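Student: I have a structure here, written as structure tokens, and I will follow up with some questions on it.
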Amino acid sequence: MHKLKIEEIIQKIQNNETFTAISDDHSFSISIEAYVPYICVAIHNGGNLRQELRNKIALNKMERWLEEDPLTGNLISSLPIKIISYDSRYEYDLNRSPEECIYNEAWGKQVWKLSLTEQDKAISIKKYTAFYSVLDALIENLINKFEATVVYDIHSFNHQRDGRYENAPTINIGTENINYDKYEKFIKRWISELTKIHVDSVNLTVKENIVFYGRGYLLKYLTQKYNNVLVLATEFKKIYIDEFSGDEYPEVIEHLQKGLKEAIINHAAYFARNFTNMVFEKKYQLLSSGFGDSLKLVDNELYKMLKDVEVLEYLNPINVESEKRKFIKSKYKIIPRFRYKPLPFDTNEIKRSLYKLPIEKIKDIHLKTLYEEIIDDHADKIELLALRGQQDFLYCSLKNYGEPDQLDIDNALFLLHCYTGDVKDELITTEEVSKIIKEDIKSYGFKCNIELVKNLVSGAMVVPPTKTLKLRKDTLFPRTVAKGLAHHEIGIHMLTTINANLQPLKFPRLGMPNRTITQEGLAILSEYLSANINILRLQTLALRVIAINNMLKGYDFIDTFNMLKDIYKMDDDQGFYLATRVYRGGGFTKDYLYLKGFKLMYNHYISGKDINKLLIGKCSLSHINILEELVARDILYPPTYIPSIFKNPKIADEKLNYIVKSLK
């Protein structure tokens with residue numbers, strides 16, 4: 001963090017510069033990531049005491065800590081304008097008048113065992129004055145820009161030690177010195193937003209003027225000096241720490257950070273629309289659009305570590321065709337023994353490196369959480385690859401992808417009982433499929449490669465790092481399936497790969513947690529909306545669910561192959577490839593997500609909800625809120641390429657529409 005003189009800080013504010021700095025006396029920090037009509041302050045956050053006062057104070061660190069507001073600066077770390085104090089209020093209290101800011105006695109205790117000199121006091125008063133001169137400069141700048149501003153004045157209070165406030169609300173709003181006639185609806189809205197904060201195991205309550213009344217100097221000073229400044233003095237119970245030991249509760253802190261960020265941004269947007277001249281469409285435009293050095297560092301390093309980790313590439317057996325020949329020649333009696341491409345990386349080393357990334361330096365709590373989840377998810381995928389061919393692979397697959405539930409199985413059985421009628425489809429070669437797909441690529445205008453290969457367990461597979469579509473060589477594809485394949489592989493998997501490469505951050509290339517169900521669901525949806533799917537294709541997806549369920553019941557490769565062949569009339573090639581998809585690695589449960597994802601994304605699509613943001617990269621529906629926020633903040637861009645079929649869908653067969661709508 002840059003160290004600046006007070007005059008330099010004020011000059012930067014007057015020049016409308018964005019910056020993060022600490023005052024040259026280290027008494028407070030200020031961060032302005034964007035000029036918006038609200039400020040967050042944590043004036044009792046600190047506990048520092050300068051060296052020459054330490055032998056004069058009568059209170060030990062824990063006694064001082066009790067009346068300080070530790071970690072309140074952390075609670076506002078996600079917001080774009082924040083001022084955080086680092087000095088103890090026992091040196092000078094920023095929430096008292098200049099005449100009363102240095103205590104002799106506080107909360108019934110003598111503060112100093114040795115008297116302070118006039119010079120001691122003068123140094124403290126100088127720091128006090130410097131803080132308010134910076135605050136004034138900032139307030140004046142924001143009023144000139146926006147005509148009004150709101151200040152979120154964040155504090156905390158004890159509730160365990162003496163029992164006085166045990167039954168107090170979790171959050172107390174002090175409004176005694178606010179012009180109620182003018183600001184009543186904004187006070188009520190603030191209370192309403194705070195009640196939405198959720199903390200596990202806490203019955204969170206919000207009340208007004210129960211414990212504290214808003215009598216602090218900062219609120220009075222700003223309210224009296226400026227006409228259009230609303231100060232919301234907000235006190236949190238110290239539910240996020242142990243008051244006796246000082247131990248922190250990281251989970252509670254995270255919940256409060258997320259909840260307070262949402263509460264502030266919702267309230268600030270409401271205030272800005274009603275009280276300022278700022279014009280904006282979405283509330284997230286009141287957050288910063290800057291990345292920050294820490295975010296960029298983590299994003300770049302994460303990508304370097306994971307860019308070559310392609311799960312399907314290393315779970316595709318390299319001896320599929322030879323094992324198929326052996327299996328069929330044995331009259332389906334020899335269980336295939338699959339081999340895999342050696343991993344060109346040390347799985348343990350990557351996992352160690354992942355968890356060394358400085359995630360804690362990412363200021364925005366939602367971005368920090370997202371990267372934590374991405375790291376955990378990819379660490380699990382790396383573990384999956386490390387366990388190929390071992391008994392624990394199946395359990396790791398279940399951890400990564402889950403398993404079919406009863407609803408999935410019921411949907412699969414429903415499809416398998418549907419009448420196929422006289423569905424016939426012309427068979428075409430891989431080379432002809434390649435031509436169809438090349439036309440689709442041409443229509444988008446981006447560049448990618450097509451490669452015809454042997455030993456591919458699926459008919460087609462996109463390899464994102466090389467922007468290559470692999471097609472299984474010497475295979476006959478039904479023409480409808482081939483056309484659907486173009487929409488599936490190019491219109492979704494390749495398209496999201498290209499879109500991700502155009503993003504300023506790299507995590508969309510790697511993928512978000514839960515991306516598989518979303519991405520495969522979108523891919524099947526694109527087949528459906530292009531009218532290039534039929535009941536036979538849906539039944540194939542259903543058989544994947546049944547085959548996985550069979551495997552999880554303990555049946556081996558031969559049992560499942562025979563079921564597919566004898567009961568569901570698959571031919572040798574079809575049955576072998578499907579069984580291989582399920583049993584590769586030691587039991588791979590991913591494939592049930594195609595049908596589940598299709599229904600999920602179909603429901604999302606027909607409800608009229610936005611689907612485009614899911615095309616930014618390897619995104620997931622479970623993270624749609626953070627995607628919307630990042631796009632609104634210009635941290636991510638809207639997708640460059642969008643399948644035309646989503647805007648202008650073709651009318652599918654009436655019977656097929658009925659079947660799809662009937663899925664539960």
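By order in the structure tokens, chains are A, B, ...; within a chain, residues start at 1; ligands start at 1, following the order shown.
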Residues within 10 Å of Gln110 of chain A, please, as a list in words. Count only C-alpha atoms; anything in the same chain fewer than 5 positions from it doesn't count.
Tutor: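 After dropping sequence-adjacent residues, the list is Ile57, Ala58, Leu59, Tyr103, Asn104 and Glu105 of chain A.
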Student: Running DSSP on the backbone, which parts of segment 170-205 of chain A land in alpha helix (DSSP H), as a PyMOL selection string?
Tutor: chain A and resi 180-194
Student: Could you write those residues out with C-alpha atoms, as a short mmCIF file (atom, residue, chain, number, x, y, z; two decimals), in the first residue's frame?
Tutor:
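Final output, selection.cif:
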data_model
loop_
_atom_site.label_atom_id
_atom_site.label_comp_id
_atom_site.auth_asym_id
_atom_site.auth_seq_id
_atom_site.Cartn_x
_atom_site.Cartn_y
_atom_site.Cartn_z
CA TYR A 180 -36.05 11.97 10.39
CA ASP A 181 -38.53 13.93 8.33
CA LYS A 182 -36.05 14.06 5.49
CA TYR A 183 -34.52 10.59 5.70
CA GLU A 184 -37.13 8.32 7.27
CA LYS A 185 -37.70 6.11 4.20
CA PHE A 186 -33.95 5.67 3.76
CA ILE A 187 -33.54 4.64 7.39
CA LYS A 188 -36.36 2.13 7.08
CA ARG A 189 -34.86 0.82 3.85
CA TRP A 190 -31.47 0.39 5.56
CA ILE A 191 -33.06 -1.63 8.34
CA SER A 192 -34.90 -3.72 5.76
CA GLU A 193 -31.69 -4.47 3.84
CA LEU A 194 -29.80 -5.42 6.99
#
Student: What does the distance between atom CA of Lys613 of chain A and atom CA of Arg509 of chain A come to in Å, to one decimal place?
Tutor: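 Between these atoms lies a distance of 14.0 Å.
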Student: Can you pull out every residue within 7 Å of segment 10-17 of chain A, counting only C-alpha atoms, but drop anything in the same chain fewer than 2 positions away, and send it as a list in words?
Tutor: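 The neighbour list is Ile6, Glu7, Glu8, Phe19, Val134, Ala137, Leu138 and Asn141 of chain A.
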Student: Can I get the selected residues back with N, CA and C atoms, as a PDB file, in the first residue's frame?
Tutor:
ATOM      1  N   ILE A   6      -0.910  13.684   3.989  1.00  0.00           N
ATOM      2  CA  ILE A   6      -2.317  14.098   3.995  1.00  0.00           C
ATOM      3  C   ILE A   6      -2.599  15.043   2.832  1.00  0.00           C
ATOM      4  N   GLU A   7      -1.672  15.957   2.572  1.00  0.00           N
ATOM      5  CA  GLU A   7      -1.866  16.894   1.467  1.00  0.00           C
ATOM      6  C   GLU A   7      -1.945  16.160   0.126  1.00  0.00           C
ATOM      7  N   GLU A   8      -1.162  15.105  -0.020  1.00  0.00           N
ATOM      8  CA  GLU A   8      -1.160  14.321  -1.263  1.00  0.00           C
ATOM      9  C   GLU A   8      -2.478  13.560  -1.425  1.00  0.00           C
ATOM     10  N   PHE A  19      -7.299   5.586  -6.081  1.00  0.00           N
ATOM     11  CA  PHE A  19      -6.040   5.195  -5.443  1.00  0.00           C
ATOM     12  C   PHE A  19      -6.338   4.474  -4.136  1.00  0.00           C
ATOM     13  N   VAL A 134      -9.303  14.901   5.480  1.00  0.00           N
ATOM     14  CA  VAL A 134      -9.466  13.993   4.333  1.00  0.00           C
ATOM     15  C   VAL A 134     -10.941  13.663   4.130  1.00  0.00           C
ATOM     16  N   ALA A 137     -12.668  16.594   2.511  1.00  0.00           N
ATOM     17  CA  ALA A 137     -12.335  16.711   1.087  1.00  0.00           C
ATOM     18  C   ALA A 137     -13.128  15.703   0.262  1.00  0.00           C
ATOM     19  N   LEU A 138     -13.266  14.513   0.791  1.00  0.00           N
ATOM     20  CA  LEU A 138     -13.996  13.466   0.073  1.00  0.00           C
ATOM     21  C   LEU A 138     -15.489  13.780   0.013  1.00  0.00           C
ATOM     22  N   ASN A 141     -16.158  16.567  -2.451  1.00  0.00           N
ATOM     23  CA  ASN A 141     -16.026  16.079  -3.829  1.00  0.00           C
ATOM     24  C   ASN A 141     -17.289  15.337  -4.255  1.00  0.00           C
TER      25      ASN A 141
END
Student: Can you tell me, as an mmCIF file with all heavy atoms, in the first residue's frame, what residues are no more than 9 Å from Lys261 of chain A when counting only C-alpha atoms, ignoring any on the same chain fewer than 2 positions away?
Tutor:
data_model
loop_
_atom_site.group_PDB
_atom_site.id
_atom_site.type_symbol
_atom_site.label_atom_id
_atom_site.label_comp_id
_atom_site.auth_asym_id
_atom_site.auth_seq_id
_atom_site.Cartn_x
_atom_site.Cartn_y
_atom_site.Cartn_z
ATOM 1 N N LEU A 75 -15.176 -5.955 7.271
ATOM 2 C CA LEU A 75 -16.577 -6.101 6.871
ATOM 3 C C LEU A 75 -16.921 -5.236 5.665
ATOM 4 O O LEU A 75 -17.852 -5.538 4.927
ATOM 5 C CB LEU A 75 -17.505 -5.753 8.043
ATOM 6 C CG LEU A 75 -17.377 -6.617 9.302
ATOM 7 C CD1 LEU A 75 -18.451 -6.220 10.309
ATOM 8 C CD2 LEU A 75 -17.466 -8.104 8.990
ATOM 9 N N ILE A 76 -16.167 -4.158 5.460
ATOM 10 C CA ILE A 76 -16.466 -3.243 4.339
ATOM 11 C C ILE A 76 -15.424 -3.337 3.225
ATOM 12 O O ILE A 76 -15.377 -2.478 2.343
ATOM 13 C CB ILE A 76 -16.578 -1.783 4.834
ATOM 14 C CG1 ILE A 76 -15.285 -1.338 5.524
ATOM 15 C CG2 ILE A 76 -17.791 -1.621 5.762
ATOM 16 C CD1 ILE A 76 -15.256 0.130 5.911
ATOM 17 N N SER A 77 -14.619 -4.379 3.237
ATOM 18 C CA SER A 77 -13.495 -4.472 2.294
ATOM 19 C C SER A 77 -13.927 -4.553 0.836
ATOM 20 O O SER A 77 -13.149 -4.235 -0.061
ATOM 21 C CB SER A 77 -12.625 -5.685 2.631
ATOM 22 O OG SER A 77 -13.362 -6.893 2.493
ATOM 23 N N SER A 78 -15.165 -4.977 0.563
ATOM 24 C CA SER A 78 -15.620 -5.161 -0.821
ATOM 25 C C SER A 78 -16.092 -3.866 -1.477
ATOM 26 O O SER A 78 -16.313 -3.842 -2.685
ATOM 27 C CB SER A 78 -16.775 -6.169 -0.866
ATOM 28 O OG SER A 78 -16.383 -7.422 -0.368
ATOM 29 N N LEU A 79 -16.268 -2.817 -0.699
ATOM 30 C CA LEU A 79 -16.895 -1.603 -1.218
ATOM 31 C C LEU A 79 -15.858 -0.639 -1.808
ATOM 32 O O LEU A 79 -14.702 -0.649 -1.413
ATOM 33 C CB LEU A 79 -17.704 -0.922 -0.116
ATOM 34 C CG LEU A 79 -19.035 -1.602 0.285
ATOM 35 C CD1 LEU A 79 -19.903 -1.907 -0.938
ATOM 36 C CD2 LEU A 79 -18.840 -2.880 1.082
ATOM 37 N N LEU A 256 -21.033 -12.120 7.111
ATOM 38 C CA LEU A 256 -21.288 -10.698 7.348
ATOM 39 C C LEU A 256 -20.734 -9.837 6.220
ATOM 40 O O LEU A 256 -21.363 -8.856 5.808
ATOM 41 C CB LEU A 256 -20.681 -10.274 8.685
ATOM 42 C CG LEU A 256 -21.372 -10.800 9.947
ATOM 43 C CD1 LEU A 256 -20.605 -10.393 11.195
ATOM 44 C CD2 LEU A 256 -22.822 -10.311 10.033
ATOM 45 N N GLN A 257 -19.564 -10.193 5.706
ATOM 46 C CA GLN A 257 -18.993 -9.451 4.583
ATOM 47 C C GLN A 257 -19.918 -9.500 3.372
ATOM 48 O O GLN A 257 -20.183 -8.478 2.734
ATOM 49 C CB GLN A 257 -17.627 -10.037 4.206
ATOM 50 C CG GLN A 257 -16.507 -9.692 5.160
ATOM 51 C CD GLN A 257 -15.215 -10.386 4.770
ATOM 52 O OE1 GLN A 257 -15.180 -11.585 4.525
ATOM 53 N NE2 GLN A 257 -14.137 -9.628 4.706
ATOM 54 N N LYS A 258 -20.403 -10.695 3.064
ATOM 55 C CA LYS A 258 -21.288 -10.848 1.905
ATOM 56 C C LYS A 258 -22.607 -10.119 2.132
ATOM 57 O O LYS A 258 -23.106 -9.400 1.256
ATOM 58 C CB LYS A 258 -21.542 -12.331 1.628
ATOM 59 C CG LYS A 258 -20.344 -13.068 1.072
ATOM 60 C CD LYS A 258 -20.666 -14.544 0.857
ATOM 61 C CE LYS A 258 -19.473 -15.274 0.249
ATOM 62 N NZ LYS A 258 -19.733 -16.722 0.084
ATOM 63 N N GLY A 259 -23.169 -10.334 3.306
ATOM 64 C CA GLY A 259 -24.462 -9.724 3.593
ATOM 65 C C GLY A 259 -24.394 -8.209 3.647
ATOM 66 O O GLY A 259 -25.279 -7.512 3.137
ATOM 67 N N ALA A 263 -26.273 -5.484 1.337
ATOM 68 C CA ALA A 263 -27.128 -4.496 1.997
ATOM 69 C C ALA A 263 -26.719 -3.075 1.603
ATOM 70 O O ALA A 263 -27.568 -2.227 1.283
ATOM 71 C CB ALA A 263 -27.054 -4.666 3.516
ATOM 72 N N ILE A 264 -25.420 -2.821 1.604
ATOM 73 C CA ILE A 264 -24.941 -1.474 1.265
ATOM 74 C C ILE A 264 -25.217 -1.148 -0.191
ATOM 75 O O ILE A 264 -25.700 -0.052 -0.517
ATOM 76 C CB ILE A 264 -23.441 -1.345 1.592
ATOM 77 C CG1 ILE A 264 -23.249 -1.290 3.112
ATOM 78 C CG2 ILE A 264 -22.846 -0.098 0.932
ATOM 79 C CD1 ILE A 264 -21.793 -1.271 3.562
ATOM 80 N N ILE A 265 -24.930 -2.068 -1.080
ATOM 81 C CA ILE A 265 -25.111 -1.760 -2.505
ATOM 82 C C ILE A 265 -26.594 -1.580 -2.836
ATOM 83 O O ILE A 265 -26.971 -0.716 -3.630
ATOM 84 C CB ILE A 265 -24.444 -2.834 -3.398
ATOM 85 C CG1 ILE A 265 -24.297 -2.317 -4.829
ATOM 86 C CG2 ILE A 265 -25.189 -4.134 -3.401
ATOM 87 C CD1 ILE A 265 -23.407 -1.136 -4.973
ATOM 88 N N ASN A 266 -27.463 -2.373 -2.216
ATOM 89 C CA ASN A 266 -28.905 -2.213 -2.442
ATOM 90 C C ASN A 266 -29.399 -0.871 -1.903
ATOM 91 O O ASN A 266 -30.167 -0.163 -2.556
ATOM 92 C CB ASN A 266 -29.683 -3.353 -1.782
ATOM 93 C CG ASN A 266 -29.531 -4.669 -2.523
ATOM 94 O OD1 ASN A 266 -29.226 -4.696 -3.709
ATOM 95 N ND2 ASN A 266 -29.752 -5.773 -1.827
ATOM 96 N N ASP A 364 -12.661 -8.039 -2.682
ATOM 97 C CA ASP A 364 -14.097 -8.276 -2.830
ATOM 98 C C ASP A 364 -14.448 -9.672 -2.341
ATOM 99 O O ASP A 364 -13.913 -10.673 -2.828
ATOM 100 C CB ASP A 364 -14.506 -8.119 -4.305
ATOM 101 C CG ASP A 364 -16.008 -8.182 -4.471
ATOM 102 O OD1 ASP A 364 -16.559 -9.296 -4.418
ATOM 103 O OD2 ASP A 364 -16.635 -7.131 -4.661
ATOM 104 N N ILE A 365 -15.363 -9.760 -1.395
ATOM 105 C CA ILE A 365 -15.663 -11.039 -0.753
ATOM 106 C C ILE A 365 -16.270 -12.044 -1.726
ATOM 107 O O ILE A 365 -15.970 -13.239 -1.656
ATOM 108 C CB ILE A 365 -16.593 -10.831 0.482
ATOM 109 C CG1 ILE A 365 -16.839 -12.153 1.201
ATOM 110 C CG2 ILE A 365 -17.898 -10.174 0.075
ATOM 111 C CD1 ILE A 365 -15.595 -12.838 1.708
#
Student: Under the rule that only C-alpha atoms are counted, which of A:Cys448, A:Lys454, A:Gly402, A:Pro649 is the nearest residue to Tyr592 of chain A?
Tutor: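 Closest to Tyr592 of chain A of all the choices is A:Gly402.
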